[in-house]
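See below for upload-v5.txt, which holds compact mmCIF, C-alpha atoms.
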# COMPACT_ATOMS: atom_id res chain seq x y z
CA PRO A 1 76.39 95.87 95.82
CA LEU A 2 73.92 96.82 98.54
CA ASN A 3 74.06 97.87 102.17
CA ILE A 4 71.62 95.52 103.90
CA ILE A 5 69.51 96.66 106.86
CA ILE A 6 67.60 93.95 108.75
CA ILE A 7 65.09 94.95 111.42
CA CYS A 8 64.29 91.96 113.63
CA THR A 9 60.64 92.19 114.67
CA GLN A 10 60.28 88.82 116.35
CA GLY A 11 62.34 85.79 117.33
CA ARG A 12 66.07 85.27 117.03
CA MET A 13 68.70 84.77 114.32
CA GLN A 14 72.31 83.63 114.54
CA LEU A 15 74.68 84.11 111.61
CA ASP A 16 78.30 84.68 110.67
CA VAL A 17 79.12 88.19 109.42
CA ASN A 18 82.56 88.17 107.81
CA ALA A 19 83.42 85.10 109.93
CA ARG A 20 82.18 86.74 113.18
CA THR A 21 79.25 84.96 114.83
CA LEU A 22 76.48 87.41 115.75
CA VAL A 23 73.08 86.97 117.37
CA VAL A 24 70.19 89.21 116.31
CA GLU A 25 67.17 89.38 118.61
CA SER A 26 63.83 91.15 118.62
CA SER A 27 64.17 94.97 118.26
CA ASN A 28 67.78 94.62 117.07
CA ILE A 29 68.83 96.20 113.78
CA LEU A 30 71.53 94.40 111.80
CA ILE A 31 73.51 96.50 109.30
CA CYS A 32 75.73 94.85 106.70
CA PRO A 33 77.72 97.20 104.45
CA THR A 34 78.63 96.29 100.89
CA ASN A 35 81.06 93.38 100.44
CA THR A 36 79.84 91.72 103.64
CA ILE A 37 79.80 87.91 103.59
CA LEU A 38 76.87 86.31 105.43
CA SER A 39 76.87 82.59 106.19
CA ASN A 40 75.68 79.84 108.58
CA GLU A 41 72.31 81.43 109.23
CA LEU A 42 70.14 79.85 111.94
CA PHE A 43 66.63 81.10 112.74
CA SER A 44 64.18 80.49 115.56
CA SER A 45 60.81 79.10 114.44
CA ASP A 46 59.08 82.43 115.14
CA PHE A 47 61.69 84.63 113.45
CA GLU A 48 60.38 87.62 111.46
CA CYS A 49 62.19 90.63 110.05
CA LYS A 50 62.05 93.58 107.66
CA VAL A 51 64.84 93.91 105.09
CA MET A 52 66.03 96.92 103.09
CA GLY A 53 68.82 97.10 100.51
CA ILE A 54 70.46 100.50 99.99
CA THR A 55 73.09 101.36 97.38
CA ASP A 56 76.22 103.30 98.37
CA ARG A 57 75.11 106.15 96.11
CA PHE A 58 71.75 106.50 97.84
CA LEU A 59 73.42 106.23 101.24
CA GLN A 60 75.85 109.04 100.43
CA ALA A 61 73.05 111.18 98.98
CA PHE A 62 70.86 111.13 102.07
CA LEU A 63 73.39 110.98 104.86
CA HIS A 64 75.87 113.39 103.24
CA SER A 65 77.50 115.22 106.18
CA ASN A 66 76.34 112.42 108.51
CA ILE A 67 78.02 109.64 106.53
CA ASN A 68 81.05 109.68 108.84
CA ILE A 69 79.14 108.20 111.77
CA TRP A 70 77.96 105.37 109.48
CA ASN A 71 81.49 104.67 108.18
CA GLU A 72 83.14 104.85 111.59
CA THR A 73 80.58 102.55 113.20
CA LEU A 74 80.66 99.87 110.51
CA TYR A 75 84.18 99.99 109.11
CA ILE A 76 86.26 101.10 112.10
CA ASN A 77 84.40 100.09 115.25
CA LYS A 78 82.96 97.10 113.36
CA VAL A 79 79.57 97.38 115.04
CA ASN A 80 76.89 95.62 112.98
CA ILE A 81 74.10 95.25 115.52
CA ILE A 82 72.14 98.17 116.97
CA GLU A 83 70.24 97.39 120.16
CA ALA A 84 67.35 99.73 119.49
CA LYS A 85 64.66 100.60 121.99
CA ILE A 86 61.35 98.83 121.44
CA SER A 87 59.75 102.19 120.60
CA ASP A 88 62.48 102.87 117.99
CA SER A 89 62.03 99.41 116.47
CA ILE A 90 58.28 99.90 116.18
CA PHE A 91 58.84 103.32 114.60
CA TYR A 92 61.10 101.85 111.88
CA GLN A 93 58.69 99.00 111.29
CA HIS A 94 55.96 101.56 110.58
CA LEU A 95 58.29 103.46 108.25
CA TYR A 96 59.05 100.19 106.46
CA GLU A 97 55.34 99.43 106.02
CA MET A 98 54.78 102.94 104.63
CA ILE A 99 57.56 102.32 102.11
CA ARG A 100 55.95 99.00 101.13
CA LEU A 101 52.56 100.71 100.72
CA LEU A 102 54.14 103.40 98.57
CA ILE A 103 55.80 100.77 96.36
CA ASP A 104 52.44 99.05 95.80
CA HIS A 105 50.52 102.31 95.40
CA GLU A 106 49.76 103.74 91.97
CA GLN A 107 52.66 105.99 91.02
CA GLY A 108 51.90 109.71 90.95
CA PRO A 109 53.97 112.76 89.97
CA TYR A 110 55.83 112.87 93.33
CA HIS A 111 56.15 109.13 93.91
CA LYS A 112 59.96 109.10 93.67
CA GLU A 113 60.37 112.09 96.01
CA MET A 114 58.05 110.53 98.61
CA MET A 115 59.98 107.26 98.46
CA GLN A 116 63.30 109.07 98.89
CA LEU A 117 62.01 111.01 101.89
CA LEU A 118 60.79 107.88 103.68
CA VAL A 119 64.00 105.93 103.07
CA GLY A 120 66.09 109.00 103.92
CA GLU A 121 64.22 109.43 107.20
CA THR A 122 64.88 105.79 108.05
CA LEU A 123 68.62 106.19 107.40
CA LEU A 124 68.89 109.41 109.41
CA GLY A 125 67.04 107.80 112.29
CA ILE A 126 69.44 104.85 112.33
CA CYS A 127 72.38 107.27 112.23
CA SER A 128 70.91 109.07 115.22
CA ILE A 129 70.99 105.80 117.20
CA LEU A 130 74.53 105.10 115.99
CA SER A 131 75.60 108.56 117.14
CA LYS A 132 74.17 108.00 120.64
CA ASN A 133 75.81 104.59 120.98
CA SER A 134 79.24 105.43 119.55
CA ASN A 135 82.28 106.88 121.27
CA ASP A 136 83.39 110.37 120.34
CA SER A 137 86.73 109.06 119.07
CA LEU A 138 88.79 105.94 118.61
CA THR A 139 90.55 104.55 121.63
CA VAL A 140 94.32 104.71 121.86
CA ASP A 141 94.37 100.91 121.63
CA SER A 142 92.82 100.90 118.15
CA PRO A 143 95.10 99.26 115.56
CA ARG A 144 97.13 101.78 113.57
CA ALA A 145 95.50 100.82 110.25
CA GLU A 146 92.02 101.59 111.60
CA VAL A 147 93.20 104.92 113.03
CA LEU A 148 94.69 105.84 109.64
CA PHE A 149 91.50 104.83 107.84
CA HIS A 150 89.49 106.97 110.27
CA LYS A 151 91.79 109.95 109.62
CA PHE A 152 91.59 109.39 105.86
CA ILE A 153 87.77 109.39 105.85
CA HIS A 154 87.78 112.52 108.01
CA LEU A 155 90.23 114.25 105.65
CA VAL A 156 88.18 113.44 102.56
CA SER A 157 84.83 114.40 104.07
CA SER A 158 86.08 117.67 105.60
CA ASN A 159 88.16 118.78 102.60
CA LYS A 160 86.39 121.55 100.68
CA ILE A 161 87.95 120.34 97.41
CA LYS A 162 87.65 116.56 97.71
CA ARG A 163 88.88 115.80 94.20
CA GLN A 164 92.52 115.30 95.12
CA PRO A 165 94.81 112.42 94.10
CA VAL A 166 95.45 109.58 96.52
CA GLU A 167 99.00 110.92 96.88
CA TYR A 168 97.62 114.16 98.38
CA TYR A 169 95.79 112.35 101.20
CA ALA A 170 98.64 109.89 101.75
CA ARG A 171 101.07 112.79 102.11
CA ASN A 172 98.85 114.37 104.76
CA LEU A 173 98.81 111.06 106.63
CA ARG A 174 102.57 110.65 106.15
CA ILE A 175 102.25 107.24 104.50
CA THR A 176 102.66 105.98 100.94
CA PRO A 177 99.71 105.98 98.50
CA LYS A 178 100.05 102.21 98.11
CA TYR A 179 99.83 101.65 101.87
CA LEU A 180 96.78 103.93 102.11
CA SER A 181 94.98 101.97 99.39
CA LEU A 182 95.89 98.66 101.07
CA ILE A 183 94.47 99.93 104.39
CA CYS A 184 91.22 101.09 102.78
CA LYS A 185 90.80 97.85 100.84
CA ARG A 186 91.42 95.68 103.90
CA ILE A 187 89.10 97.59 106.25
CA SER A 188 86.26 98.59 103.92
CA GLY A 189 86.62 96.53 100.76
CA LYS A 190 87.04 99.72 98.70
CA THR A 191 90.25 101.41 97.56
CA ALA A 192 91.24 104.94 98.60
CA LEU A 193 90.45 106.17 95.06
CA HIS A 194 86.99 104.60 95.26
CA TRP A 195 86.28 106.45 98.53
CA ILE A 196 87.47 109.76 97.05
CA GLU A 197 85.32 109.28 93.94
CA ASP A 198 82.26 108.45 96.07
CA TYR A 199 82.63 111.64 98.10
CA VAL A 200 83.31 113.78 95.02
CA MET A 201 80.28 112.46 93.12
CA GLU A 202 78.00 112.91 96.08
CA ASP A 203 79.18 116.50 96.58
CA VAL A 204 78.35 117.15 92.92
CA ARG A 205 74.85 115.70 93.32
CA TYR A 206 74.29 117.50 96.62
CA TYR A 207 75.23 120.94 95.31
CA LEU A 208 73.26 120.47 92.10
CA ARG A 209 70.17 119.75 94.20
CA ASN A 210 70.80 122.47 96.79
CA THR A 211 72.43 125.35 94.91

As C-alpha cells:
Amino acid sequence: PLNIIIICTQGRMQLDVNARTLVVESSNILICPTNTILSNELFSSDFECKVMGITDRFLQAFLHSNINIWNETLYINKVNIIEAKISDSIFYQHLYEMIRLLIDHEQGPYHKEMMQLLVGETLLGICSILSKNSNDSLTVDSPRAEVLFHKFIHLVSSNKIKRQPVEYYARNLRITPKYLSLICKRISGKTALHWIEDYVMEDVRYYLRNT
C-alpha cells in the first residue's frame, strides 16, 4: 500500500476520496494515505499533475518526530488537499523533476542516498505546510473516537519505550483494548497493534542510523 501525493500543475480534477467529493486545482497538493479509495475521477482537458507513491515505512523513516502532524492532518482532521502557494508548488515541481532525472541517471555509489534526500526534503516541506495550516489541537466538538485516536498516536510517539502491548495504551486511555483497536481501524484503516509496530520498527531503524 502506498501514500499517494498528487501535485496539480495545471487544470482541474474532481474525484471522490473515500466517498467525499473533492476538487483539486492548480497549485493544490492532494494527499491520499494508504487504504484510500479513489473513484469517479473527472479531469479538465488541460489537466496535468505530478504523482509520487510513498510507502508507510519510508514515510516514518523520513518524518520520524514530525509524523504526528501528517497523521493528525490526514486521519483526524481528514484534510486531503493542501492549498499551496504558487511558489511552493513550483518548488515541489522542481524537486519532482530532480527525482525523475535521478531515476533516469546512471546509478553511482550514492544514488540511493541522493534519492532518499530529495524525497525526504519533499515530505518535510509538505509537513511544513501542513503545520502552518493546521490547528494546534482538536476542537472540543471533535467526535470522541477521533480525540481518542489523537491521544493514542501522541502516547505511542512520545513514549520512550514504544514496544508496549495494546492493553498498556488502552489502560492509559481508560478504554478497552478491543475498543481502541476498533477506533484505530475505523479512522486509519490500521489496528492499534499495527500502529505500535510501525513506530517501534521506525525507532529501531532511526537509532541504528543515528547512534

For this session: Have a look at CA of Ala170 (chain A) and CA of Asp56 (chain A) and let me know their distance in Å, one decimal.
Result: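 Between CA of Ala170 (chain A) and CA of Asp56 (chain A) the gap is 23.6 Å.
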
For this session: Rank A:Asp203, A:Glu113, A:Glu41, A:Glu83 by their smallest atom-to-atom distance to Thr21 (chain A), using only C-alpha atoms, and report the top residue only.
Result: A:Glu41

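Coordinates place CA of Trp195 (chain A) at a distance of 13.4 Å from CA of Pro177 (chain A).
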
Exercise. Smallest atom-to-atom distance to Ser131 (chain A): which of A:Thr55, A:Ser45, A:Ser39, A:Asn66, using only C-alpha atoms?
Worked result: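 Result for the nearest residue to Ser131 (chain A): A:Asn66.
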
Exercise. Which is closest to Ile76 (chain A) among A:Arg100, A:Arg12, A:Arg186, A:Arg174, if we use only C-alpha atoms?
Worked result: A:Arg186

For this session: Kindly give the distance, in Å, that separates CA of Gln93 (chain A) and CA of Gly120 (chain A), rounded to a single decimal.
Result: 14.5 Å

For this session: Determine, counting all atoms listed in the file, which protein, DNA and RNA residues have an atom within 10 Å of an atom of Thr9 (chain A); residues of the same chain fewer than 6 positions away are not included. Present the result as a list of chain:residue names.
Result: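 The filter keeps A:Glu25, A:Ser26, A:Ser27, A:Asn28, A:Ile29, A:Asp46, A:Phe47, A:Glu48, A:Cys49, A:Lys50, A:Ile86, A:Ser89, A:Ile90, A:Gln93.
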
For this session: Go through A:Met98, A:Leu173, A:Val119, A:Ala145 and flag the residue nearest Lys185 (chain A), using all atoms listed in the file for the distances.
Result: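 Of the candidates, the smallest distance to Lys185 (chain A) is held by A:Ala145.
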
For this session: Find, counting all atoms listed in the file, the residue in A:Leu2, A:Leu180, A:Ile187, A:Ala61 that gets nearest to Val200 (chain A).
Result: A:Ala61

For this session: List every protein, DNA or RNA residue that has at least one atom no more than 12 Å from (72.1, 107.7, 98.1) in the file's coordinates, counting all atoms listed in the file, and write the result as a list of chain:residue names.
Result: A:Leu2, A:Asn3, A:Gly53, A:Ile54, A:Thr55, A:Asp56, A:Arg57, A:Phe58, A:Leu59, A:Gln60, A:Ala61, A:Phe62, A:Leu63, A:His64, A:Ile67, A:Gln116, A:Leu117, A:Val119, A:Gly120, A:Leu123, A:Leu124, A:Asp198, A:Tyr199, A:Met201, A:Glu202, A:Asp203, A:Arg205, A:Tyr206

Print the selection's residues with C-alpha atoms to a file, as a tab-separated table (two decimals), in the coordinates of the input.
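So part02.tsv came out as:
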chain	number	residue	atom	x	y	z
A	2	LEU	CA	73.92	96.82	98.54
A	3	ASN	CA	74.06	97.87	102.17
A	53	GLY	CA	68.82	97.10	100.51
A	54	ILE	CA	70.46	100.50	99.99
A	55	THR	CA	73.09	101.36	97.38
A	56	ASP	CA	76.22	103.30	98.37
A	57	ARG	CA	75.11	106.15	96.11
A	58	PHE	CA	71.75	106.50	97.84
A	59	LEU	CA	73.42	106.23	101.24
A	60	GLN	CA	75.85	109.04	100.43
A	61	ALA	CA	73.05	111.18	98.98
A	62	PHE	CA	70.86	111.13	102.07
A	63	LEU	CA	73.39	110.98	104.86
A	64	HIS	CA	75.87	113.39	103.24
A	67	ILE	CA	78.02	109.64	106.53
A	116	GLN	CA	63.30	109.07	98.89
A	117	LEU	CA	62.01	111.01	101.89
A	119	VAL	CA	64.00	105.93	103.07
A	120	GLY	CA	66.09	109.00	103.92
A	123	LEU	CA	68.62	106.19	107.40
A	124	LEU	CA	68.89	109.41	109.41
A	198	ASP	CA	82.26	108.45	96.07
A	199	TYR	CA	82.63	111.64	98.10
A	201	MET	CA	80.28	112.46	93.12
A	202	GLU	CA	78.00	112.91	96.08
A	203	ASP	CA	79.18	116.50	96.58
A	205	ARG	CA	74.85	115.70	93.32
A	206	TYR	CA	74.29	117.50	96.62

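The residue that comes closest to Ile4 (chain A), out of A:Asn71, A:Asn210, A:Ser157, A:Asn80 and on the basis of all atoms listed in the file, is A:Asn80.
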